[in-house]
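Novice: Before I ask anything, let me first share the structure, which is written out below as structure tokens.
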Amino acid sequence: MLVTEFTTEGTEASERFALWEETTSQSHMRNLLRSEDHEDFLGKMRVLDLGDVQVSALAYSHLEIARTAKLIRQSDPEMYLINYFLGGEGVVSVDGSDTTLRTGDLAVLDSSRPYWGDVRAVADKWSHVTVQFPRELLPLPGRTAQDLLAVPINGRHGMGGVFVRWLTDLNARAHEFTPADIPTLTSVTLDLLASAIARCLETEGSLTPEARKTALRARINAFVEQHLADPAMTPQAIADAHHISLRYLQQLLAENDTSPAAWIRRRRLERCRLDLANPRLSARPIQAIAARWGFTNPTHFSRLFRAAHGMPPRDYRNLQVPASANRQYLCAN
């Protein structure tokens, strides 16, 4: 299994913090931990193991973390740790310089450099996502990342925003992945991170050509998902928004055996399919669902849907949403 989940619930209150210390020292690395809630520590963790790359979501109300020079001498995996703050706030310090981190910030740490952190969040909600991987896997010169240790990277927009949306989706969909997905998930995670770091330092030229291409694809993908409902979103509009030619956009997608128009159509049809299968939307007219996702011509939509799924939209809905569910919905309203 790629996913491991852990919680201190179900353990005696007095033993919870010690159990958290032991578990995280095995799943991550050895740090000195302290918490104001150590007498009744409520914490949970979800770890997605991608081999060389590990993505972990953690939740707790308060935790102080210290990686000391002594611990580094005892054992050092020589890894980068990327922390994305989903909620709450914290302080991180490298070389004695304190930095405040808030919701939406990213921070880079190095297992070979002493650091200290203090995080306050809400115990029952994911407080942050941590990505850890061997330093040599980052497709950037070592000095580039070192210049950003403990420096806040804005994850609320730009390439930082693309990267954190990717991390959020990895956490939410962790149980959907199989071992066959590992190479792709690892490559995209590292390339997006490298692009976010490079953009922050305005050194995108130091990225490998393949990393730049992957980052561009991710930006385009995010743009398409955000504008699916807009009938005016065309291949040319996508190319213009990313300052590339239509021909280059076509070349990018040709590598995945598709075209811009086919990709947009497929994503819109998928959103329509999900809405048609949703019992809560069973009273919404099919034409309204189609229009919601950019299909302005009902006949054209029905023809495309039949070609993609082998049946008209109404038949698909009837198979997915039983008549009894429809009756329950109508009675409730």
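Residues in the structure tokens are numbered from 1 in each chain, the chains being A, B, ... in the order shown, and ligands are numbered from 1 in the order shown.
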Considering only C-alpha atoms, return as a PyMOL selection string whatever protein or nucleic-acid residues lie within 7 Å of Phe85 in chain A, sequence-local ones (same chain, fewer than 2 positions apart) excluded.
Specialist: chain A and resi 83+87+102-106+127-129
Novice: Show me, as JSON lines, the residues of range 37-130 of chain A having an atom within 10 Å of range 142-162 of chain A, each with the closest atom pair and its distance in Å, using only C-alpha atoms.
Specialist:
{"residue": "A:Tyr80", "atom": "CA", "partner": "A:Ala145", "partner_atom": "CA", "distance": 9.0}
{"residue": "A:Leu81", "atom": "CA", "partner": "A:Leu149", "partner_atom": "CA", "distance": 9.8}
{"residue": "A:Ile82", "atom": "CA", "partner": "A:Ala150", "partner_atom": "CA", "distance": 9.6}
{"residue": "A:Asn83", "atom": "CA", "partner": "A:Ala150", "partner_atom": "CA", "distance": 9.6}
{"residue": "A:Tyr84", "atom": "CA", "partner": "A:Gly155", "partner_atom": "CA", "distance": 7.9}
{"residue": "A:Phe85", "atom": "CA", "partner": "A:Gly155", "partner_atom": "CA", "distance": 9.0}
{"residue": "A:Leu86", "atom": "CA", "partner": "A:Gly155", "partner_atom": "CA", "distance": 9.9}
{"residue": "A:Val91", "atom": "CA", "partner": "A:Ala150", "partner_atom": "CA", "distance": 9.3}
{"residue": "A:Val92", "atom": "CA", "partner": "A:Ala150", "partner_atom": "CA", "distance": 6.4}
{"residue": "A:Ser93", "atom": "CA", "partner": "A:Ala150", "partner_atom": "CA", "distance": 6.6}
{"residue": "A:Val94", "atom": "CA", "partner": "A:Ala150", "partner_atom": "CA", "distance": 6.4}
{"residue": "A:Asp95", "atom": "CA", "partner": "A:Ala150", "partner_atom": "CA", "distance": 9.7}
{"residue": "A:Ser97", "atom": "CA", "partner": "A:Ala150", "partner_atom": "CA", "distance": 8.7}
{"residue": "A:Asp98", "atom": "CA", "partner": "A:Ala150", "partner_atom": "CA", "distance": 8.3}
{"residue": "A:Thr99", "atom": "CA", "partner": "A:Ala150", "partner_atom": "CA", "distance": 6.8}
{"residue": "A:Thr100", "atom": "CA", "partner": "A:Pro152", "partner_atom": "CA", "distance": 8.0}
{"residue": "A:Leu101", "atom": "CA", "partner": "A:Pro152", "partner_atom": "CA", "distance": 6.5}
{"residue": "A:Arg102", "atom": "CA", "partner": "A:Pro152", "partner_atom": "CA", "distance": 8.8}
{"residue": "A:Thr103", "atom": "CA", "partner": "A:Gly155", "partner_atom": "CA", "distance": 8.8}
{"residue": "A:Gly104", "atom": "CA", "partner": "A:Gly155", "partner_atom": "CA", "distance": 5.1}
{"residue": "A:Asp105", "atom": "CA", "partner": "A:Asn154", "partner_atom": "CA", "distance": 5.1}
{"residue": "A:Leu106", "atom": "CA", "partner": "A:Ile153", "partner_atom": "CA", "distance": 4.8}
{"residue": "A:Ala107", "atom": "CA", "partner": "A:Ala150", "partner_atom": "CA", "distance": 5.3}
{"residue": "A:Val108", "atom": "CA", "partner": "A:Leu149", "partner_atom": "CA", "distance": 5.0}
{"residue": "A:Leu109", "atom": "CA", "partner": "A:Leu149", "partner_atom": "CA", "distance": 5.4}
{"residue": "A:Asp110", "atom": "CA", "partner": "A:Leu149", "partner_atom": "CA", "distance": 7.3}
{"residue": "A:Arg113", "atom": "CA", "partner": "A:Leu149", "partner_atom": "CA", "distance": 9.3}
{"residue": "A:Tyr115", "atom": "CA", "partner": "A:Ala150", "partner_atom": "CA", "distance": 8.8}
{"residue": "A:Trp116", "atom": "CA", "partner": "A:Ala150", "partner_atom": "CA", "distance": 9.9}
{"residue": "A:Gly117", "atom": "CA", "partner": "A:Ala150", "partner_atom": "CA", "distance": 9.8}
Novice: Can you pull out every residue from range 58-293 of chain A that DSSP, working from the backbone, puts in helix (DSSP H, G or I), and format the result as an MDAnalysis selection string?
Specialist: chainID A and resid 69:74 135:137 142:146 158:172 174:176 179:201 204:206 209:226 235:241 246:254 260:276 279:281 286:292
Novice: With the cut-off set at 10 Å and counting only C-alpha atoms, tabulate each residue of range 116-205 of chain A with an atom at most that distance from an atom of range 19-31 of chain A, showing the nearest atom pair and its distance in Å to one decimal, ordered by chain and increasing number, as JSON lines.
Specialist:
{"residue": "A:Trp116", "atom": "CA", "partner": "A:Asn31", "partner_atom": "CA", "distance": 9.6}
{"residue": "A:Thr130", "atom": "CA", "partner": "A:His28", "partner_atom": "CA", "distance": 9.6}
{"residue": "A:Val131", "atom": "CA", "partner": "A:His28", "partner_atom": "CA", "distance": 9.9}
{"residue": "A:Gln132", "atom": "CA", "partner": "A:His28", "partner_atom": "CA", "distance": 8.1}
Novice: Measure the distance from CA of Met79 in chain A to CA of Arg135 in chain A in Å and round it to one decimal.
Specialist: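 Value for the CA of Met79 in chain A-CA of Arg135 in chain A distance: 5.0 Å.
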Novice: What separation in Å, quoted to one decimal, exists between CA of Asn221 in chain A and CA of Ala261 in chain A?
Specialist: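 Separation of CA of Asn221 in chain A and CA of Ala261 in chain A: 13.2 Å.
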Novice: Between A:Arg306, A:Arg314, A:His243, A:Arg46, which is the closest to Leu276 in chain A once you count only C-alpha atoms?
Specialist: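 Using only C-alpha atoms, Leu276 in chain A sits closest to A:Arg314.
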Novice: Please determine, counting only C-alpha atoms, which residue among A:Ala59, A:Val164, A:Leu170, A:Leu249 has the shortest atom-to-atom distance to Leu42 in chain A.
Specialist: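 Closest candidate: A:Ala59.
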Novice: Show which residues sit within 10 Å of Leu71 in chain A, as a PyMOL selection string. Count only C-alpha atoms, and ignore same-chain residues fewer than 3 positions away.
Specialist: chain A and resi 29-32+66-68+74-76+111-112+114
Novice: What does the distance from CA of Ala198 in chain A to CA of Phe163 in chain A come to in Å, to one decimal?
Specialist: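 These two atoms are separated by 12.3 Å.
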Novice: May I ask which of the residues A:Pro279, A:Pro298, A:Pro139, A:Gly88 is the closest one to Ala211 in chain A, counting only C-alpha atoms?
Specialist: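 Nearest candidate to Ala211 in chain A out of A:Pro279, A:Pro298, A:Pro139, A:Gly88: A:Pro139.
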